[in-house]
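The data block below is upload-v6.cif; it holds mmCIF, N, CA and C atoms.
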```cif
data_query
#
loop_
_atom_site.label_atom_id
_atom_site.label_comp_id
_atom_site.auth_asym_id
_atom_site.auth_seq_id
_atom_site.Cartn_x
_atom_site.Cartn_y
_atom_site.Cartn_z
N MET A 30 46.90 23.24 0.66
CA MET A 30 46.29 22.30 1.57
C MET A 30 44.83 22.68 1.83
N ILE A 31 44.54 23.95 2.03
CA ILE A 31 43.17 24.38 2.28
C ILE A 31 42.32 24.14 1.04
N GLY A 32 42.88 24.36 -0.14
CA GLY A 32 42.16 24.14 -1.39
C GLY A 32 41.76 22.68 -1.57
N ILE A 33 42.60 21.77 -1.16
CA ILE A 33 42.30 20.34 -1.27
C ILE A 33 41.15 19.97 -0.34
N LYS A 34 41.15 20.48 0.91
CA LYS A 34 40.06 20.20 1.85
C LYS A 34 38.75 20.78 1.34
N PHE A 35 38.83 21.99 0.79
CA PHE A 35 37.63 22.62 0.26
C PHE A 35 37.07 21.81 -0.89
N ASN A 36 37.92 21.31 -1.76
CA ASN A 36 37.47 20.51 -2.89
C ASN A 36 36.83 19.20 -2.43
N LYS A 37 37.35 18.60 -1.37
CA LYS A 37 36.76 17.37 -0.84
C LYS A 37 35.35 17.65 -0.33
N PHE A 38 35.19 18.75 0.39
CA PHE A 38 33.87 19.10 0.90
C PHE A 38 32.91 19.44 -0.24
N ALA A 39 33.42 20.13 -1.25
CA ALA A 39 32.58 20.48 -2.40
C ALA A 39 32.16 19.21 -3.14
N LEU A 40 33.09 18.26 -3.28
CA LEU A 40 32.78 17.00 -3.95
C LEU A 40 31.76 16.21 -3.15
N LEU A 41 31.95 16.09 -1.85
CA LEU A 41 31.00 15.35 -1.01
C LEU A 41 29.63 16.01 -1.02
N GLY A 42 29.60 17.32 -0.97
CA GLY A 42 28.33 18.04 -1.03
C GLY A 42 27.61 17.82 -2.34
N SER A 43 28.37 17.83 -3.43
CA SER A 43 27.78 17.60 -4.76
C SER A 43 27.22 16.19 -4.87
N VAL A 44 27.96 15.22 -4.38
CA VAL A 44 27.49 13.83 -4.43
C VAL A 44 26.23 13.68 -3.58
N ALA A 45 26.22 14.25 -2.40
CA ALA A 45 25.04 14.17 -1.54
C ALA A 45 23.83 14.81 -2.21
N LEU A 46 24.03 15.92 -2.86
CA LEU A 46 22.95 16.60 -3.57
C LEU A 46 22.42 15.75 -4.71
N LEU A 47 23.30 15.17 -5.48
CA LEU A 47 22.88 14.33 -6.61
C LEU A 47 22.14 13.09 -6.14
N VAL A 48 22.62 12.48 -5.06
CA VAL A 48 21.95 11.28 -4.54
C VAL A 48 20.56 11.64 -4.04
N THR A 49 20.43 12.74 -3.34
CA THR A 49 19.14 13.15 -2.81
C THR A 49 18.17 13.53 -3.91
N VAL A 50 18.61 14.27 -4.89
CA VAL A 50 17.75 14.71 -5.97
C VAL A 50 17.42 13.54 -6.89
N GLY A 51 18.33 12.64 -7.06
CA GLY A 51 18.14 11.55 -8.01
C GLY A 51 17.23 10.43 -7.53
N CYS A 52 16.79 10.45 -6.29
CA CYS A 52 16.00 9.33 -5.78
C CYS A 52 14.50 9.51 -6.01
N ASN A 53 14.07 10.64 -6.53
CA ASN A 53 12.65 10.90 -6.81
C ASN A 53 11.76 10.68 -5.58
N ALA A 54 12.18 11.16 -4.46
CA ALA A 54 11.40 10.99 -3.24
C ALA A 54 10.03 11.66 -3.35
N GLY A 55 9.92 12.66 -4.17
CA GLY A 55 8.64 13.33 -4.36
C GLY A 55 7.64 12.52 -5.15
N MET A 56 8.05 11.43 -5.74
CA MET A 56 7.16 10.60 -6.54
C MET A 56 6.47 9.52 -5.72
N ALA A 57 6.82 9.39 -4.46
CA ALA A 57 6.20 8.37 -3.61
C ALA A 57 4.75 8.74 -3.34
N PRO A 58 3.87 7.73 -3.28
CA PRO A 58 2.46 8.04 -3.00
C PRO A 58 2.30 8.56 -1.58
N GLY A 59 1.35 9.44 -1.40
CA GLY A 59 1.11 10.00 -0.08
C GLY A 59 0.44 8.99 0.83
N VAL A 60 0.54 9.22 2.10
CA VAL A 60 -0.09 8.35 3.09
C VAL A 60 -1.56 8.74 3.20
N GLN A 61 -2.43 7.76 3.18
CA GLN A 61 -3.86 8.02 3.28
C GLN A 61 -4.28 8.00 4.75
N SER A 62 -5.24 8.82 5.08
CA SER A 62 -5.80 8.79 6.42
C SER A 62 -6.70 7.56 6.52
N SER A 63 -7.04 7.18 7.73
CA SER A 63 -7.90 6.01 7.91
C SER A 63 -9.28 6.25 7.30
N ALA A 64 -9.74 7.49 7.28
CA ALA A 64 -11.03 7.80 6.67
C ALA A 64 -10.96 7.60 5.15
N GLU A 65 -9.84 8.00 4.54
CA GLU A 65 -9.68 7.81 3.10
C GLU A 65 -9.59 6.33 2.74
N VAL A 66 -8.87 5.57 3.55
CA VAL A 66 -8.74 4.13 3.31
C VAL A 66 -10.12 3.47 3.41
N GLU A 67 -10.88 3.83 4.43
CA GLU A 67 -12.21 3.26 4.61
C GLU A 67 -13.13 3.63 3.45
N LYS A 68 -13.07 4.88 3.00
CA LYS A 68 -13.90 5.32 1.88
C LYS A 68 -13.53 4.56 0.60
N ASN A 69 -12.24 4.44 0.34
CA ASN A 69 -11.79 3.73 -0.85
C ASN A 69 -12.18 2.26 -0.80
N PHE A 70 -12.13 1.66 0.38
CA PHE A 70 -12.53 0.26 0.54
C PHE A 70 -14.02 0.10 0.26
N LYS A 71 -14.83 1.02 0.78
CA LYS A 71 -16.27 0.94 0.58
C LYS A 71 -16.66 1.18 -0.87
N ASP A 72 -15.82 1.89 -1.63
CA ASP A 72 -16.09 2.14 -3.05
C ASP A 72 -15.83 0.90 -3.91
N LEU A 73 -15.11 -0.09 -3.37
CA LEU A 73 -14.85 -1.32 -4.12
C LEU A 73 -16.12 -2.15 -4.22
N ASP A 74 -16.21 -2.97 -5.28
CA ASP A 74 -17.34 -3.88 -5.36
C ASP A 74 -17.17 -4.98 -4.31
N PRO A 75 -18.24 -5.69 -3.93
CA PRO A 75 -18.16 -6.67 -2.84
C PRO A 75 -17.09 -7.75 -3.05
N GLN A 76 -16.93 -8.24 -4.28
CA GLN A 76 -15.93 -9.27 -4.52
C GLN A 76 -14.52 -8.72 -4.31
N ALA A 77 -14.28 -7.49 -4.71
CA ALA A 77 -12.97 -6.87 -4.50
C ALA A 77 -12.72 -6.64 -3.01
N GLN A 78 -13.77 -6.30 -2.27
CA GLN A 78 -13.63 -6.16 -0.81
C GLN A 78 -13.22 -7.48 -0.19
N ILE A 79 -13.86 -8.56 -0.62
CA ILE A 79 -13.55 -9.89 -0.08
C ILE A 79 -12.11 -10.26 -0.42
N LYS A 80 -11.69 -10.02 -1.66
CA LYS A 80 -10.31 -10.33 -2.06
C LYS A 80 -9.31 -9.54 -1.21
N THR A 81 -9.62 -8.27 -0.97
CA THR A 81 -8.73 -7.43 -0.18
C THR A 81 -8.63 -7.97 1.24
N ILE A 82 -9.75 -8.35 1.81
CA ILE A 82 -9.74 -8.90 3.18
C ILE A 82 -8.98 -10.21 3.21
N GLN A 83 -9.20 -11.08 2.23
CA GLN A 83 -8.53 -12.38 2.21
C GLN A 83 -7.02 -12.24 2.11
N SER A 84 -6.54 -11.22 1.42
CA SER A 84 -5.10 -11.05 1.24
C SER A 84 -4.47 -10.20 2.34
N SER A 85 -5.26 -9.75 3.29
CA SER A 85 -4.73 -8.90 4.36
C SER A 85 -4.03 -9.74 5.42
N PRO A 86 -3.17 -9.11 6.23
CA PRO A 86 -2.48 -9.84 7.29
C PRO A 86 -3.30 -9.96 8.58
N ALA A 87 -4.58 -9.65 8.53
CA ALA A 87 -5.44 -9.71 9.72
C ALA A 87 -5.59 -11.17 10.18
N PRO A 88 -5.89 -11.37 11.46
CA PRO A 88 -6.14 -12.73 11.96
C PRO A 88 -7.32 -13.36 11.21
N GLN A 89 -7.26 -14.67 11.01
CA GLN A 89 -8.27 -15.37 10.23
C GLN A 89 -9.67 -15.17 10.80
N ALA A 90 -9.80 -15.15 12.12
CA ALA A 90 -11.12 -14.97 12.73
C ALA A 90 -11.73 -13.61 12.34
N LYS A 91 -10.92 -12.57 12.32
CA LYS A 91 -11.38 -11.24 11.92
C LYS A 91 -11.75 -11.22 10.44
N LYS A 92 -10.94 -11.88 9.62
CA LYS A 92 -11.24 -11.96 8.19
C LYS A 92 -12.60 -12.63 7.97
N ASP A 93 -12.80 -13.77 8.66
CA ASP A 93 -14.05 -14.51 8.51
C ASP A 93 -15.25 -13.66 8.91
N GLU A 94 -15.09 -12.90 9.98
CA GLU A 94 -16.17 -12.02 10.46
C GLU A 94 -16.52 -10.95 9.43
N LEU A 95 -15.49 -10.30 8.86
CA LEU A 95 -15.72 -9.25 7.87
C LEU A 95 -16.31 -9.81 6.58
N ILE A 96 -15.82 -10.97 6.16
CA ILE A 96 -16.32 -11.58 4.93
C ILE A 96 -17.77 -12.01 5.10
N LYS A 97 -18.10 -12.55 6.25
CA LYS A 97 -19.49 -12.96 6.51
C LYS A 97 -20.42 -11.75 6.45
N ALA A 98 -19.99 -10.63 7.00
CA ALA A 98 -20.81 -9.41 6.96
C ALA A 98 -21.03 -8.94 5.53
N ILE A 99 -19.99 -9.02 4.70
CA ILE A 99 -20.12 -8.62 3.29
C ILE A 99 -21.05 -9.58 2.55
N GLU A 100 -20.90 -10.88 2.82
CA GLU A 100 -21.76 -11.88 2.18
C GLU A 100 -23.23 -11.62 2.51
N GLN A 101 -23.52 -11.32 3.76
CA GLN A 101 -24.89 -11.07 4.17
C GLN A 101 -25.43 -9.76 3.58
N LYS A 102 -24.60 -8.75 3.55
CA LYS A 102 -25.04 -7.44 3.07
C LYS A 102 -25.32 -7.44 1.57
N TYR A 103 -24.45 -8.09 0.79
CA TYR A 103 -24.54 -8.01 -0.67
C TYR A 103 -25.03 -9.30 -1.33
N GLY A 104 -25.16 -10.39 -0.57
CA GLY A 104 -25.63 -11.64 -1.13
C GLY A 104 -24.62 -12.32 -2.04
N VAL A 105 -23.34 -12.11 -1.81
CA VAL A 105 -22.29 -12.78 -2.59
C VAL A 105 -21.61 -13.81 -1.70
N LYS A 106 -20.90 -14.72 -2.31
CA LYS A 106 -20.18 -15.75 -1.58
C LYS A 106 -18.68 -15.51 -1.71
N ALA A 107 -17.95 -15.82 -0.65
CA ALA A 107 -16.50 -15.62 -0.66
C ALA A 107 -15.84 -16.49 -1.71
N GLY A 108 -16.41 -17.66 -1.99
CA GLY A 108 -15.84 -18.54 -3.01
C GLY A 108 -15.84 -17.91 -4.39
N ASP A 109 -16.73 -16.96 -4.63
CA ASP A 109 -16.78 -16.27 -5.91
C ASP A 109 -15.61 -15.31 -6.09
N ALA A 110 -14.96 -14.97 -5.00
CA ALA A 110 -13.88 -13.98 -5.04
C ALA A 110 -12.63 -14.51 -4.36
N SER A 111 -12.38 -15.81 -4.52
CA SER A 111 -11.26 -16.40 -3.79
C SER A 111 -9.92 -15.87 -4.30
N VAL A 112 -9.00 -15.76 -3.38
CA VAL A 112 -7.64 -15.33 -3.67
C VAL A 112 -6.72 -16.13 -2.76
N GLN A 113 -5.55 -16.47 -3.23
CA GLN A 113 -4.61 -17.23 -2.44
C GLN A 113 -4.07 -16.38 -1.30
N PRO A 114 -3.94 -16.94 -0.10
CA PRO A 114 -3.37 -16.17 1.03
C PRO A 114 -1.98 -15.66 0.68
N GLY A 115 -1.71 -14.45 1.09
CA GLY A 115 -0.39 -13.87 0.88
C GLY A 115 -0.20 -13.25 -0.49
N THR A 116 -1.25 -13.19 -1.29
CA THR A 116 -1.14 -12.55 -2.59
C THR A 116 -2.01 -11.30 -2.62
N SER A 117 -1.78 -10.46 -3.59
CA SER A 117 -2.56 -9.25 -3.71
C SER A 117 -3.79 -9.50 -4.57
N PRO A 118 -4.89 -8.89 -4.22
CA PRO A 118 -6.08 -9.04 -5.06
C PRO A 118 -5.89 -8.27 -6.36
N LYS A 119 -6.45 -8.79 -7.43
CA LYS A 119 -6.39 -8.10 -8.71
C LYS A 119 -7.74 -7.47 -8.96
N THR A 120 -7.82 -6.17 -8.66
CA THR A 120 -9.08 -5.46 -8.82
C THR A 120 -9.04 -4.68 -10.12
N PRO A 121 -10.20 -4.51 -10.76
CA PRO A 121 -10.20 -3.78 -12.03
C PRO A 121 -9.87 -2.32 -11.86
#
```

Kindly return the structure encoded in the file as structure tokens.
Amino acid sequence: MIGIKFNKFALLGSVALLVTVGCNAGMAPGVQSSAEVEKNFKDLDPQAQIKTIQSSPAPQAKKDELIKAIEQKYGVKAGDASVQPGTSPKTP
């Protein structure tokens, strides 16, 4: 009887180990700090910045404000970098 209980625990432990090891949790990308996100965003070209803003879940008024600032700074138009709402920008 004790051998059967031990085998059940050994089996459950083995399954738990295989499930944990098999999920490749170490392959997930790391979380970026806000400084890293800001730096990476600034490294994008102006059209890619506009596409990223357009596809973000931010309120439309905030998007318009950010896009206008980029248009003024770089002399590009948002129409040159249009992206459908709710889709991801395709950056090179």

| Which of these residues is nearest to A:Ala98, using only C-alpha atoms: A:Gln78, A:Ser63, A:Ser84, A:Asn69? |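 For A:Ala98, the nearest of the given residues is A:Gln78.
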
| task | Taking the file as shown, find all residues satisfying the PyMOL selection byres (((chain A and resi 104-109 and name CA) around 10) and name CA) and write them as a list in words. | result |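 So the PyMOL selection byres (((chain A and resi 104-109 and name CA) around 10) and name CA) ends up selecting Pro75, Gln76, Gln78, Ile79, Lys80, Gln83, Asp93, Ile96, Lys97, Ala98, Ile99, Glu100, Gln101, Lys102, Tyr103, Ala110, Ser111 and Val112 of chain A.
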
| task | Using atom N of A:Pro88 and atom N of A:Val66 as the two end points, give the distance in Å to one decimal. | result | 18.9 Å

| Running DSSP on the backbone, which parts of stretch 50-103 of chain A land in alpha helix (DSSP H), as a PyMOL selection string? | chain A and resi 50-51+63-72+75-83+89-103

| task | Tell me, in Å to one decimal, how far atom C of A:Gln89 is from atom CA of A:Glu65. | result | 24.2 Å

| query | In Å, how far is it from atom N of A:Ile82 to atom CA of A:Leu95? | reply | 8.6 Å
